[in-house]
file final-v3.cif (mmCIF, C-alpha atoms and all ligand atoms)
data_start
#
loop_
_atom_site.group_PDB
_atom_site.id
_atom_site.type_symbol
_atom_site.label_atom_id
_atom_site.label_comp_id
_atom_site.auth_asym_id
_atom_site.auth_seq_id
_atom_site.Cartn_x
_atom_site.Cartn_y
_atom_site.Cartn_z
ATOM 1 C CA MET A 25 97.624 100.463 109.377
ATOM 2 C CA ALA A 26 97.642 102.494 106.182
ATOM 3 C CA ALA A 27 94.410 104.242 105.221
ATOM 4 C CA PHE A 28 92.295 102.722 102.459
ATOM 5 C CA LEU A 29 92.795 105.801 100.335
ATOM 6 C CA GLU A 30 95.044 108.748 100.987
ATOM 7 C CA VAL A 31 95.338 111.796 98.752
ATOM 8 C CA ASN A 32 98.042 114.322 99.493
ATOM 9 C CA ASN A 33 98.711 117.734 97.959
ATOM 10 C CA VAL A 34 97.227 116.917 94.584
ATOM 11 C CA PHE A 35 97.511 119.661 91.976
ATOM 12 C CA LYS A 36 96.030 119.574 88.493
ATOM 13 C CA SER A 37 95.734 122.247 85.817
ATOM 14 C CA TYR A 38 94.504 122.253 82.253
ATOM 15 C CA PHE A 39 96.222 124.178 79.480
ATOM 16 C CA LEU A 40 94.089 125.422 76.637
ATOM 17 C CA ASN A 41 94.901 128.044 73.995
ATOM 18 C CA GLY A 42 97.846 129.339 75.995
ATOM 19 C CA LYS A 43 95.760 129.705 79.149
ATOM 20 C CA ARG A 44 96.269 127.744 82.323
ATOM 21 C CA ILE A 45 93.235 126.689 84.346
ATOM 22 C CA ASP A 46 94.150 125.616 87.864
ATOM 23 C CA VAL A 47 91.525 123.096 88.992
ATOM 24 C CA LEU A 48 92.946 121.075 91.885
ATOM 25 C CA LYS A 49 95.110 123.169 94.189
ATOM 26 C CA GLY A 50 96.507 120.949 96.897
ATOM 27 C CA VAL A 51 93.754 118.405 97.610
ATOM 28 C CA LYS A 52 94.219 116.459 100.833
ATOM 29 C CA LEU A 53 91.812 113.677 101.767
ATOM 30 C CA THR A 54 91.744 110.375 103.621
ATOM 31 C CA ILE A 55 89.000 107.799 103.108
ATOM 32 C CA GLU A 56 88.724 104.675 105.238
ATOM 33 C CA LYS A 57 87.535 101.300 103.994
ATOM 34 C CA GLY A 58 83.760 101.045 103.886
ATOM 35 C CA GLU A 59 83.062 104.770 103.853
ATOM 36 C CA LEU A 60 80.219 106.100 101.745
ATOM 37 C CA VAL A 61 81.045 109.651 100.749
ATOM 38 C CA SER A 62 79.249 112.327 98.769
ATOM 39 C CA LEU A 63 81.166 115.025 96.913
ATOM 40 C CA ILE A 64 79.364 118.214 95.976
ATOM 41 C CA GLY A 65 80.580 121.470 94.466
ATOM 42 C CA ALA A 66 79.644 124.042 91.843
ATOM 43 C CA SER A 67 79.707 123.108 88.169
ATOM 44 C CA GLY A 68 83.295 123.508 86.977
ATOM 45 C CA SER A 69 84.759 123.244 90.478
ATOM 46 C CA GLY A 70 86.750 120.135 89.510
ATOM 47 C CA LYS A 71 84.694 117.188 90.801
ATOM 48 C CA SER A 72 85.032 115.078 87.647
ATOM 49 C CA THR A 73 88.702 116.023 87.371
ATOM 50 C CA PHE A 74 89.257 114.845 90.930
ATOM 51 C CA LEU A 75 87.346 111.592 90.369
ATOM 52 C CA HIS A 76 89.543 110.821 87.356
ATOM 53 C CA VAL A 77 92.645 111.326 89.501
ATOM 54 C CA LEU A 78 91.170 109.181 92.310
ATOM 55 C CA GLY A 79 90.409 106.516 89.741
ATOM 56 C CA THR A 80 94.022 106.599 88.473
ATOM 57 C CA LEU A 81 92.764 107.530 84.997
ATOM 58 C CA ASP A 82 94.612 110.812 85.072
ATOM 59 C CA ALA A 83 97.883 111.678 86.793
ATOM 60 C CA PRO A 84 98.082 114.933 88.736
ATOM 61 C CA ALA A 85 100.822 117.520 88.112
ATOM 62 C CA ALA A 86 101.952 117.015 91.694
ATOM 63 C CA GLY A 87 100.899 115.105 94.755
ATOM 64 C CA THR A 88 100.413 111.488 95.788
ATOM 65 C CA LEU A 89 97.675 108.885 95.905
ATOM 66 C CA HIS A 90 98.028 105.843 98.157
ATOM 67 C CA PHE A 91 95.727 102.830 98.217
ATOM 68 C CA GLU A 92 96.308 100.766 101.341
ATOM 69 C CA GLY A 93 99.819 102.150 101.509
ATOM 70 C CA ARG A 94 100.690 101.621 97.848
ATOM 71 C CA SER A 95 101.731 104.737 95.962
ATOM 72 C CA VAL A 96 99.710 104.488 92.777
ATOM 73 C CA PHE A 97 101.486 107.072 90.674
ATOM 74 C CA GLU A 98 104.799 105.356 91.319
ATOM 75 C CA MET A 99 103.565 102.077 89.853
ATOM 76 C CA ASN A 100 104.285 101.297 86.186
ATOM 77 C CA ASP A 101 101.458 101.662 83.651
ATOM 78 C CA ALA A 102 100.686 97.955 83.405
ATOM 79 C CA ASP A 103 100.482 97.606 87.195
ATOM 80 C CA VAL A 104 98.234 100.676 87.510
ATOM 81 C CA ALA A 105 95.925 99.337 84.791
ATOM 82 C CA GLU A 106 95.771 95.947 86.477
ATOM 83 C CA PHE A 107 95.079 97.547 89.853
ATOM 84 C CA ARG A 108 92.396 99.807 88.363
ATOM 85 C CA ASN A 109 90.582 96.957 86.595
ATOM 86 C CA ARG A 110 90.611 94.800 89.683
ATOM 87 C CA SER A 111 89.791 97.395 92.341
ATOM 88 C CA ILE A 112 87.843 100.314 90.920
ATOM 89 C CA GLY A 113 84.378 100.570 89.388
ATOM 90 C CA PHE A 114 83.398 103.749 87.543
ATOM 91 C CA VAL A 115 80.144 105.380 86.676
ATOM 92 C CA PHE A 116 81.047 108.312 84.467
ATOM 93 C CA GLN A 117 78.985 111.387 83.690
ATOM 94 C CA SER A 118 78.790 110.139 80.115
ATOM 95 C CA HIS A 119 78.199 106.446 80.474
ATOM 96 C CA TYR A 120 80.389 105.011 77.677
ATOM 97 C CA LEU A 121 78.295 101.932 77.004
ATOM 98 C CA LEU A 122 79.314 99.899 73.975
ATOM 99 C CA PRO A 123 76.629 100.647 71.361
ATOM 100 C CA GLU A 124 76.685 97.303 69.569
ATOM 101 C CA PHE A 125 76.100 95.249 72.731
ATOM 102 C CA THR A 126 72.920 94.740 74.756
ATOM 103 C CA ALA A 127 72.489 96.048 78.302
ATOM 104 C CA ALA A 128 73.190 92.583 79.730
ATOM 105 C CA GLU A 129 76.301 92.184 77.570
ATOM 106 C CA ASN A 130 77.564 95.642 78.591
ATOM 107 C CA VAL A 131 77.147 94.775 82.268
ATOM 108 C CA ALA A 132 78.855 91.392 81.847
ATOM 109 C CA MET A 133 81.726 92.899 79.822
ATOM 110 C CA PRO A 134 84.207 93.562 82.673
ATOM 111 C CA ALA A 135 83.967 89.898 83.696
ATOM 112 C CA LEU A 136 84.236 88.649 80.124
ATOM 113 C CA LEU A 137 87.343 90.799 79.591
ATOM 114 C CA GLN A 138 88.844 89.015 82.588
ATOM 115 C CA ARG A 139 87.959 85.702 80.939
ATOM 116 C CA LYS A 140 85.496 84.722 83.642
ATOM 117 C CA ASP A 141 82.887 82.086 82.909
ATOM 118 C CA LYS A 142 80.324 83.476 80.477
ATOM 119 C CA ALA A 143 77.281 81.750 81.961
ATOM 120 C CA VAL A 144 78.150 82.963 85.482
ATOM 121 C CA ALA A 145 78.839 86.502 84.227
ATOM 122 C CA THR A 146 75.589 86.630 82.281
ATOM 123 C CA LYS A 147 73.556 85.444 85.258
ATOM 124 C CA ARG A 148 75.201 88.022 87.513
ATOM 125 C CA ALA A 149 74.670 90.771 84.904
ATOM 126 C CA ARG A 150 70.971 89.946 84.778
ATOM 127 C CA GLU A 151 70.701 90.023 88.578
ATOM 128 C CA LEU A 152 72.384 93.428 88.666
ATOM 129 C CA LEU A 153 70.108 94.790 85.957
ATOM 130 C CA ASP A 154 67.143 93.576 87.982
ATOM 131 C CA ARG A 155 68.559 95.423 90.995
ATOM 132 C CA VAL A 156 68.726 98.715 89.097
ATOM 133 C CA GLY A 157 65.164 98.212 87.864
ATOM 134 C CA LEU A 158 65.992 97.200 84.298
ATOM 135 C CA GLY A 159 64.798 93.613 84.326
ATOM 136 C CA SER A 160 62.702 94.337 81.265
ATOM 137 C CA ARG A 161 65.480 96.075 79.302
ATOM 138 C CA MET A 162 68.247 93.433 79.372
ATOM 139 C CA ASP A 163 68.311 92.939 75.626
ATOM 140 C CA HIS A 164 68.099 96.598 74.603
ATOM 141 C CA ARG A 165 71.157 98.212 73.070
ATOM 142 C CA PRO A 166 72.242 101.638 74.407
ATOM 143 C CA GLY A 167 70.558 103.389 71.457
ATOM 144 C CA GLU A 168 67.299 101.760 72.594
ATOM 145 C CA LEU A 169 67.570 103.001 76.199
ATOM 146 C CA SER A 170 66.756 106.369 77.785
ATOM 147 C CA GLY A 171 69.551 108.469 79.291
ATOM 148 C CA GLY A 172 68.628 107.467 82.842
ATOM 149 C CA GLU A 173 68.372 103.800 81.887
ATOM 150 C CA SER A 174 71.829 103.960 80.293
ATOM 151 C CA GLN A 175 73.173 105.430 83.512
ATOM 152 C CA ARG A 176 71.679 102.576 85.497
ATOM 153 C CA VAL A 177 73.277 100.064 83.116
ATOM 154 C CA ALA A 178 76.592 101.838 83.726
ATOM 155 C CA LEU A 179 76.103 101.494 87.487
ATOM 156 C CA ALA A 180 75.331 97.777 87.152
ATOM 157 C CA ARG A 181 78.452 97.369 85.006
ATOM 158 C CA ALA A 182 80.575 99.185 87.596
ATOM 159 C CA LEU A 183 79.365 96.711 90.232
ATOM 160 C CA MET A 184 79.992 93.617 88.108
ATOM 161 C CA LEU A 185 83.396 92.791 89.592
ATOM 162 C CA GLU A 186 82.480 93.996 93.104
ATOM 163 C CA PRO A 187 85.201 96.656 93.157
ATOM 164 C CA ALA A 188 86.810 97.733 96.426
ATOM 165 C CA LEU A 189 86.162 101.335 95.375
ATOM 166 C CA LEU A 190 83.194 102.678 93.439
ATOM 167 C CA LEU A 191 83.516 106.141 91.884
ATOM 168 C CA ALA A 192 80.240 107.530 90.625
ATOM 169 C CA ASP A 193 79.934 110.848 88.800
ATOM 170 C CA GLU A 194 76.345 112.053 89.163
ATOM 171 C CA PRO A 195 74.737 108.610 88.953
ATOM 172 C CA THR A 196 71.287 110.146 89.428
ATOM 173 C CA GLY A 197 71.827 113.170 87.180
ATOM 174 C CA ASN A 198 69.264 112.151 84.561
ATOM 175 C CA LEU A 199 66.785 110.379 86.799
ATOM 176 C CA ASP A 200 63.349 111.266 88.105
ATOM 177 C CA PRO A 201 63.149 111.481 91.923
ATOM 178 C CA ALA A 202 61.717 107.981 92.459
ATOM 179 C CA THR A 203 64.289 106.241 90.247
ATOM 180 C CA GLY A 204 67.017 108.413 91.774
ATOM 181 C CA GLU A 205 65.967 107.305 95.241
ATOM 182 C CA GLY A 206 66.177 103.667 94.064
ATOM 183 C CA ILE A 207 69.775 104.282 93.007
ATOM 184 C CA HIS A 208 70.593 105.897 96.361
ATOM 185 C CA GLN A 209 69.157 102.848 98.050
ATOM 186 C CA LEU A 210 71.263 100.564 95.870
ATOM 187 C CA LEU A 211 74.415 102.557 96.687
ATOM 188 C CA ARG A 212 73.694 102.223 100.408
ATOM 189 C CA GLU A 213 73.063 98.500 100.006
ATOM 190 C CA VAL A 214 76.253 97.713 98.066
ATOM 191 C CA ASN A 215 78.165 99.782 100.591
ATOM 192 C CA LYS A 216 76.656 97.910 103.519
ATOM 193 C CA ASP A 217 76.317 94.390 102.083
ATOM 194 C CA LEU A 218 79.449 94.176 99.939
ATOM 195 C CA GLY A 219 81.609 96.605 101.922
ATOM 196 C CA ILE A 220 82.243 98.658 98.786
ATOM 197 C CA THR A 221 83.773 102.048 99.556
ATOM 198 C CA ALA A 222 82.113 104.671 97.398
ATOM 199 C CA VAL A 223 82.613 108.295 96.424
ATOM 200 C CA VAL A 224 79.535 109.758 94.776
ATOM 201 C CA VAL A 225 79.643 113.109 93.002
ATOM 202 C CA THR A 226 76.230 114.683 92.982
ATOM 203 C CA HIS A 227 74.294 117.901 92.546
ATOM 204 C CA ASN A 228 71.439 116.231 94.377
ATOM 205 C CA GLU A 229 71.275 117.759 97.863
ATOM 206 C CA THR A 230 68.973 115.030 99.138
ATOM 207 C CA LEU A 231 71.390 112.307 98.086
ATOM 208 C CA ALA A 232 74.360 114.205 99.449
ATOM 209 C CA ARG A 233 72.638 114.595 102.810
ATOM 210 C CA SER A 234 71.606 110.952 102.954
ATOM 211 C CA LEU A 235 75.204 109.699 102.831
ATOM 212 C CA PRO A 236 77.235 109.372 106.032
ATOM 213 C CA ARG A 237 80.124 111.623 104.991
ATOM 214 C CA ARG A 238 79.799 114.783 102.958
ATOM 215 C CA LEU A 239 82.595 116.584 101.132
ATOM 216 C CA ARG A 240 82.689 119.706 98.997
ATOM 217 C CA LEU A 241 85.160 120.721 96.315
ATOM 218 C CA THR A 242 85.728 124.439 96.515
ATOM 219 C CA ASN A 243 88.621 126.695 95.504
ATOM 220 C CA GLY A 244 90.571 123.657 94.329
ATOM 221 C CA LYS A 245 90.415 121.885 97.690
ATOM 222 C CA VAL A 246 88.239 119.207 99.278
ATOM 223 C CA VAL A 247 86.640 120.263 102.556
ATOM 224 C CA ALA A 248 83.935 118.879 104.820
ATOM 225 C CA ALA A 249 80.489 119.968 103.589
ATOM 226 C CA ASP A 250 77.858 121.665 105.836
HETATM 227 N N1 LIG B 301 90.363 118.897 78.996
HETATM 228 C C1 LIG B 301 90.175 120.107 79.494
HETATM 229 N N2 LIG B 301 90.834 121.197 79.029
HETATM 230 C C2 LIG B 301 90.660 122.414 79.551
HETATM 231 N N3 LIG B 301 89.854 122.682 80.577
HETATM 232 C C3 LIG B 301 89.159 121.657 81.102
HETATM 233 C C4 LIG B 301 89.274 120.323 80.586
HETATM 234 N N4 LIG B 301 88.479 119.522 81.325
HETATM 235 C C5 LIG B 301 87.886 120.313 82.236
HETATM 236 N N5 LIG B 301 88.280 121.595 82.117
HETATM 237 C C6 LIG B 301 87.887 122.720 82.970
HETATM 238 O O1 LIG B 301 88.242 122.391 84.310
HETATM 239 C C7 LIG B 301 87.244 122.803 85.217
HETATM 240 C C8 LIG B 301 86.801 121.627 86.090
HETATM 241 O O2 LIG B 301 86.104 120.695 85.271
HETATM 242 P P1 LIG B 301 85.348 119.446 85.873
HETATM 243 O O3 LIG B 301 84.803 118.682 84.729
HETATM 244 O O4 LIG B 301 86.260 118.729 86.788
HETATM 245 O O5 LIG B 301 84.190 120.159 86.724
HETATM 246 P P2 LIG B 301 82.970 119.521 87.550
HETATM 247 O O6 LIG B 301 83.067 120.001 88.957
HETATM 248 O O7 LIG B 301 82.924 118.068 87.324
HETATM 249 O O8 LIG B 301 81.703 120.229 86.874
HETATM 250 P P3 LIG B 301 80.202 119.660 86.596
HETATM 251 O O9 LIG B 301 79.458 119.730 87.894
HETATM 252 O O10 LIG B 301 79.668 120.637 85.590
HETATM 253 O O11 LIG B 301 80.302 118.267 86.033
HETATM 254 C C9 LIG B 301 86.125 123.411 84.388
HETATM 255 O O12 LIG B 301 86.210 124.799 84.475
HETATM 256 C C10 LIG B 301 86.394 122.926 82.969
HETATM 257 O O13 LIG B 301 86.002 123.889 82.034
HETATM 258 MG MG MG B 302 81.574 116.813 86.339
#
call {"tool": "encode", "arguments": {"input": "final-v3.cif", "output": "structure tokens", "more": "lines below"}}
Ligand SMILES: Nc1ncnc2c1ncn2[C@@H]1O[C@H](COP(=O)(O)OP(=O)(O)OP(=O)(O)O)[C@@H](O)[C@H]1O
Ligand SMILES: [Mg+2]
result
Amino acid sequence: MAAFLEVNNVFKSYFLNGKRIDVLKGVKLTIEKGELVSLIGASGSGKSTFLHVLGTLDAPAAGTLHFEGRSVFEMNDADVAEFRNRSIGFVFQSHYLLPEFTAAENVAMPALLQRKDKAVATKRARELLDRVGLGSRMDHRPGELSGGESQRVALARALMLEPALLLADEPTGNLDPATGEGIHQLLREVNKDLGITAVVVTHNETLARSLPRRLRLTNGKVVAAD
């Protein structure tokens, strides 16, 4: 059977002011369904770049990405977008919440965009916000939340449609140790209870070590950490 996720020979460079910056230099990686993976690496090593490619948000210059045998970068744009919305949940380094909506509305948004029942979506959004410890902040807008709270809203939103794959870019970056540990716990729970495969970029050594598989991005390649 095809692997859940297979990355082969992925290259990606940026071009800025006539200079080329080679970031991904032949990444090769296989992830099986249900894995919970941490990805560490120095600042600027290309972790966010790689997560964008994994999430089909950005095409590499060369290389392939297969989900359960399907070659993503050979699909047309509409099919990729459909696949991404259905299968992948993102928590970005900057959380991109919609400023005019409340926390609960932001979390429910992915379901509302798919025209799911509003009452069901709202109930689920409130449950998820409770899970990330924001039961008392449901009706705050992003401008009325702290950075760490906004990040937790973004995590709840990413879980709204129970994606097959969760990609989280430093989900505990702005959090105090206790709240960060709560998020780690939640990641382990959604992995175990919902079978969500997750790749978590982190600078947090404790989190990285607490996850079953550890990867490092270094010199443009992904290698086993430790
Ligand atoms: N749009 C862009 N144009 C030019 N260079 C870029 C662009 N985006 C990122 N880079 C460069 O590519 C490299 C990798 O960036 P990336 O954001 O993937 O790093 P990272 O590992 O996520 O770092 P951090 O831990 O600080 O978040 C960096 O050196 C960055 O300066
Ligand atoms: Mg980054």
call {"tool": "residues_around", "arguments": {"input": "final-v3.cif", "residues": "stretch 187-192 of chain A", "least_positions_apart": "5", "cutoff": "6 Å", "atoms": "all atoms listed in the file", "output": "PyMOL selection string"}}
result
chain A and resi 111-115+220-224
call {"tool": "atom_distance", "arguments": {"input": "final-v3.cif", "atom1": "atom CA of A:Gly68", "atom2": "atom CA of A:Leu169"}}
result
28.0 Å
call {"tool": "closest_residue", "arguments": {"input": "final-v3.cif", "among": "A:Asp101, A:Asp163, A:Glu92, A:Glu205", "to": "A:Thr230", "atoms": "only C-alpha atoms"}}
result
A:Glu205
call {"tool": "resolve_selection", "arguments": {"input": "final-v3.cif", "expression": "the PyMOL selection byres (((chain A and resi 208) around 10) and not hetatm)", "output": "count of residues only"}}
result
19
call {"tool": "atom_distance", "arguments": {"input": "final-v3.cif", "atom1": "atom CA of A:Val225", "atom2": "atom CA of A:Glu59"}}
result
14.1 Å
call {"tool": "residues_around", "arguments": {"input": "final-v3.cif", "residues": "A:Lys49", "least_positions_apart": "2", "cutoff": "10 Å", "atoms": "only C-alpha atoms", "output": "list in words"}}
result
Asn33, Val34, Phe35, Lys36, Ser37, Asp46, Val47, Val51, Lys52, Ala86, Gly87, Thr242, Asn243, Gly244, Lys245 and Val246 of chain A
call {"tool": "residues_near_point", "arguments": {"input": "final-v3.cif", "point": "(65.4, 95.5, 88.5)", "cutoff": "12 Å", "atoms": "only C-alpha atoms", "output": "number ranges by chain"}}
result
A: 149-162, 173, 176-177, 180, 203, 206-207, 210
call {"tool": "closest_atom_pairs", "arguments": {"input": "final-v3.cif", "of": "chain A", "to": "ligand LIG 301 (chain B)", "cutoff": "10 Å", "atoms": "all atoms listed in the file", "output": "JSON lines"}}
result
{"residue": "A:Lys36", "atom": "CA", "partner": "B:LIG301", "partner_atom": "O1", "distance": 9.3}
{"residue": "A:Ser37", "atom": "CA", "partner": "B:LIG301", "partner_atom": "O1", "distance": 7.6}
{"residue": "A:Tyr38", "atom": "CA", "partner": "B:LIG301", "partner_atom": "C2", "distance": 4.7}
{"residue": "A:Phe39", "atom": "CA", "partner": "B:LIG301", "partner_atom": "C2", "distance": 5.8}
{"residue": "A:Leu40", "atom": "CA", "partner": "B:LIG301", "partner_atom": "C2", "distance": 5.4}
{"residue": "A:Asn41", "atom": "CA", "partner": "B:LIG301", "partner_atom": "C2", "distance": 9.0}
{"residue": "A:Lys43", "atom": "CA", "partner": "B:LIG301", "partner_atom": "C2", "distance": 8.9}
{"residue": "A:Arg44", "atom": "CA", "partner": "B:LIG301", "partner_atom": "C2", "distance": 8.2}
{"residue": "A:Ile45", "atom": "CA", "partner": "B:LIG301", "partner_atom": "N3", "distance": 6.5}
{"residue": "A:Asp46", "atom": "CA", "partner": "B:LIG301", "partner_atom": "O1", "distance": 7.6}
{"residue": "A:Val47", "atom": "CA", "partner": "B:LIG301", "partner_atom": "C7", "distance": 5.7}
{"residue": "A:Leu48", "atom": "CA", "partner": "B:LIG301", "partner_atom": "C8", "distance": 8.5}
{"residue": "A:Leu63", "atom": "CA", "partner": "B:LIG301", "partner_atom": "O6", "distance": 9.6}
{"residue": "A:Ile64", "atom": "CA", "partner": "B:LIG301", "partner_atom": "O6", "distance": 8.1}
{"residue": "A:Gly65", "atom": "CA", "partner": "B:LIG301", "partner_atom": "O6", "distance": 6.2}
{"residue": "A:Ala66", "atom": "CA", "partner": "B:LIG301", "partner_atom": "O9", "distance": 5.9}
{"residue": "A:Ser67", "atom": "CA", "partner": "B:LIG301", "partner_atom": "O9", "distance": 3.4}
{"residue": "A:Gly68", "atom": "CA", "partner": "B:LIG301", "partner_atom": "O5", "distance": 3.5}
{"residue": "A:Ser69", "atom": "CA", "partner": "B:LIG301", "partner_atom": "O6", "distance": 4.0}
{"residue": "A:Gly70", "atom": "CA", "partner": "B:LIG301", "partner_atom": "O4", "distance": 3.1}
{"residue": "A:Lys71", "atom": "CA", "partner": "B:LIG301", "partner_atom": "O6", "distance": 3.7}
{"residue": "A:Ser72", "atom": "CA", "partner": "B:LIG301", "partner_atom": "O7", "distance": 3.7}
{"residue": "A:Thr73", "atom": "CA", "partner": "B:LIG301", "partner_atom": "O4", "distance": 3.7}
{"residue": "A:Phe74", "atom": "CA", "partner": "B:LIG301", "partner_atom": "O4", "distance": 6.4}
{"residue": "A:Leu75", "atom": "CA", "partner": "B:LIG301", "partner_atom": "O4", "distance": 8.1}
{"residue": "A:His76", "atom": "CA", "partner": "B:LIG301", "partner_atom": "O4", "distance": 8.6}
{"residue": "A:Gln117", "atom": "CA", "partner": "B:LIG301", "partner_atom": "O11", "distance": 7.4}
{"residue": "A:Asp193", "atom": "CA", "partner": "B:LIG301", "partner_atom": "O11", "distance": 7.9}
{"residue": "A:Glu194", "atom": "CA", "partner": "B:LIG301", "partner_atom": "O11", "distance": 8.0}
{"residue": "A:Gly197", "atom": "CA", "partner": "B:LIG301", "partner_atom": "O11", "distance": 10.0}
{"residue": "A:Val225", "atom": "CA", "partner": "B:LIG301", "partner_atom": "O7", "distance": 8.2}
{"residue": "A:Thr226", "atom": "CA", "partner": "B:LIG301", "partner_atom": "O9", "distance": 7.9}
{"residue": "A:His227", "atom": "CA", "partner": "B:LIG301", "partner_atom": "O9", "distance": 7.2}
{"residue": "A:Leu241", "atom": "CA", "partner": "B:LIG301", "partner_atom": "O6", "distance": 7.7}
{"residue": "A:Thr242", "atom": "CA", "partner": "B:LIG301", "partner_atom": "O6", "distance": 9.2}
{"residue": "A:Gly244", "atom": "CA", "partner": "B:LIG301", "partner_atom": "C8", "distance": 9.3}
call {"tool": "atom_distance", "arguments": {"input": "final-v3.cif", "atom1": "atom CA of A:His164", "atom2": "atom CA of A:Thr126"}}
result
5.2 Å
call {"tool": "residues_around", "arguments": {"input": "final-v3.cif", "residues": "A:Glu124", "least_positions_apart": "5", "cutoff": "12 Å", "atoms": "all atoms listed in the file", "output": "JSON, numbers by chain"}}
result
{"A": [129, 130, 163, 164, 165, 166, 167, 168]}
call {"tool": "residues_around", "arguments": {"input": "final-v3.cif", "residues": "A:Leu137", "least_positions_apart": "5", "cutoff": "12 Å", "atoms": "all atoms listed in the file", "output": "tab-separated table (two decimals) with C-alpha atoms, keeping the file's coordinate frame"}}
result
chain	number	residue	atom	x	y	z
A	109	ASN	CA	90.58	96.96	86.60
A	110	ARG	CA	90.61	94.80	89.68
A	129	GLU	CA	76.30	92.18	77.57
A	130	ASN	CA	77.56	95.64	78.59
A	131	VAL	CA	77.15	94.78	82.27
A	132	ALA	CA	78.86	91.39	81.85
A	142	LYS	CA	80.32	83.48	80.48
A	145	ALA	CA	78.84	86.50	84.23
A	184	MET	CA	79.99	93.62	88.11
A	185	LEU	CA	83.40	92.79	89.59
call {"tool": "build_atoms", "arguments": {"input": "final-v3.cif", "residues": "stretch 80-95 of chain A", "atoms": "N, CA and C atoms", "output": "PDB file, in the coordinates of the input"}}
result
ATOM      1  N   THR A  80      92.723 106.854  89.124  1.00  0.00           N
ATOM      2  CA  THR A  80      94.022 106.599  88.473  1.00  0.00           C
ATOM      3  C   THR A  80      93.934 106.712  86.945  1.00  0.00           C
ATOM      4  N   LEU A  81      92.896 107.376  86.441  1.00  0.00           N
ATOM      5  CA  LEU A  81      92.764 107.530  84.997  1.00  0.00           C
ATOM      6  C   LEU A  81      93.593 108.703  84.502  1.00  0.00           C
ATOM      7  N   ASP A  82      93.930 109.584  85.418  1.00  0.00           N
ATOM      8  CA  ASP A  82      94.612 110.812  85.072  1.00  0.00           C
ATOM      9  C   ASP A  82      95.635 111.087  86.170  1.00  0.00           C
ATOM     10  N   ALA A  83      96.871 111.385  85.780  1.00  0.00           N
ATOM     11  CA  ALA A  83      97.883 111.678  86.793  1.00  0.00           C
ATOM     12  C   ALA A  83      97.861 113.164  87.126  1.00  0.00           C
ATOM     13  N   PRO A  84      98.027 113.518  88.378  1.00  0.00           N
ATOM     14  CA  PRO A  84      98.082 114.933  88.736  1.00  0.00           C
ATOM     15  C   PRO A  84      99.453 115.522  88.384  1.00  0.00           C
ATOM     16  N   ALA A  85      99.538 116.867  88.369  1.00  0.00           N
ATOM     17  CA  ALA A  85     100.822 117.520  88.112  1.00  0.00           C
ATOM     18  C   ALA A  85     101.755 117.302  89.300  1.00  0.00           C
ATOM     19  N   ALA A  86     101.174 117.259  90.476  1.00  0.00           N
ATOM     20  CA  ALA A  86     101.952 117.015  91.694  1.00  0.00           C
ATOM     21  C   ALA A  86     101.043 116.366  92.712  1.00  0.00           C
ATOM     22  N   GLY A  87     101.671 115.716  93.687  1.00  0.00           N
ATOM     23  CA  GLY A  87     100.899 115.105  94.755  1.00  0.00           C
ATOM     24  C   GLY A  87     100.920 113.592  94.686  1.00  0.00           C
ATOM     25  N   THR A  88     100.372 112.940  95.711  1.00  0.00           N
ATOM     26  CA  THR A  88     100.413 111.488  95.788  1.00  0.00           C
ATOM     27  C   THR A  88      99.030 110.904  96.063  1.00  0.00           C
ATOM     28  N   LEU A  89      98.891 109.642  95.665  1.00  0.00           N
ATOM     29  CA  LEU A  89      97.675 108.885  95.905  1.00  0.00           C
ATOM     30  C   LEU A  89      98.099 107.501  96.397  1.00  0.00           C
ATOM     31  N   HIS A  90      97.684 107.159  97.599  1.00  0.00           N
ATOM     32  CA  HIS A  90      98.028 105.843  98.157  1.00  0.00           C
ATOM     33  C   HIS A  90      96.766 105.019  98.376  1.00  0.00           C
ATOM     34  N   PHE A  91      96.782 103.786  97.896  1.00  0.00           N
ATOM     35  CA  PHE A  91      95.727 102.830  98.217  1.00  0.00           C
ATOM     36  C   PHE A  91      96.317 101.790  99.149  1.00  0.00           C
ATOM     37  N   GLU A  92      95.798 101.714 100.348  1.00  0.00           N
ATOM     38  CA  GLU A  92      96.308 100.766 101.341  1.00  0.00           C
ATOM     39  C   GLU A  92      97.835 100.788 101.378  1.00  0.00           C
ATOM     40  N   GLY A  93      98.379 101.987 101.357  1.00  0.00           N
ATOM     41  CA  GLY A  93      99.819 102.150 101.509  1.00  0.00           C
ATOM     42  C   GLY A  93     100.609 102.106 100.212  1.00  0.00           C
ATOM     43  N   ARG A  94      99.955 101.689  99.125  1.00  0.00           N
ATOM     44  CA  ARG A  94     100.690 101.621  97.848  1.00  0.00           C
ATOM     45  C   ARG A  94     100.565 102.941  97.105  1.00  0.00           C
ATOM     46  N   SER A  95     101.714 103.461  96.668  1.00  0.00           N
ATOM     47  CA  SER A  95     101.731 104.737  95.962  1.00  0.00           C
ATOM     48  C   SER A  95     101.421 104.501  94.486  1.00  0.00           C
TER      49      SER A  95
END
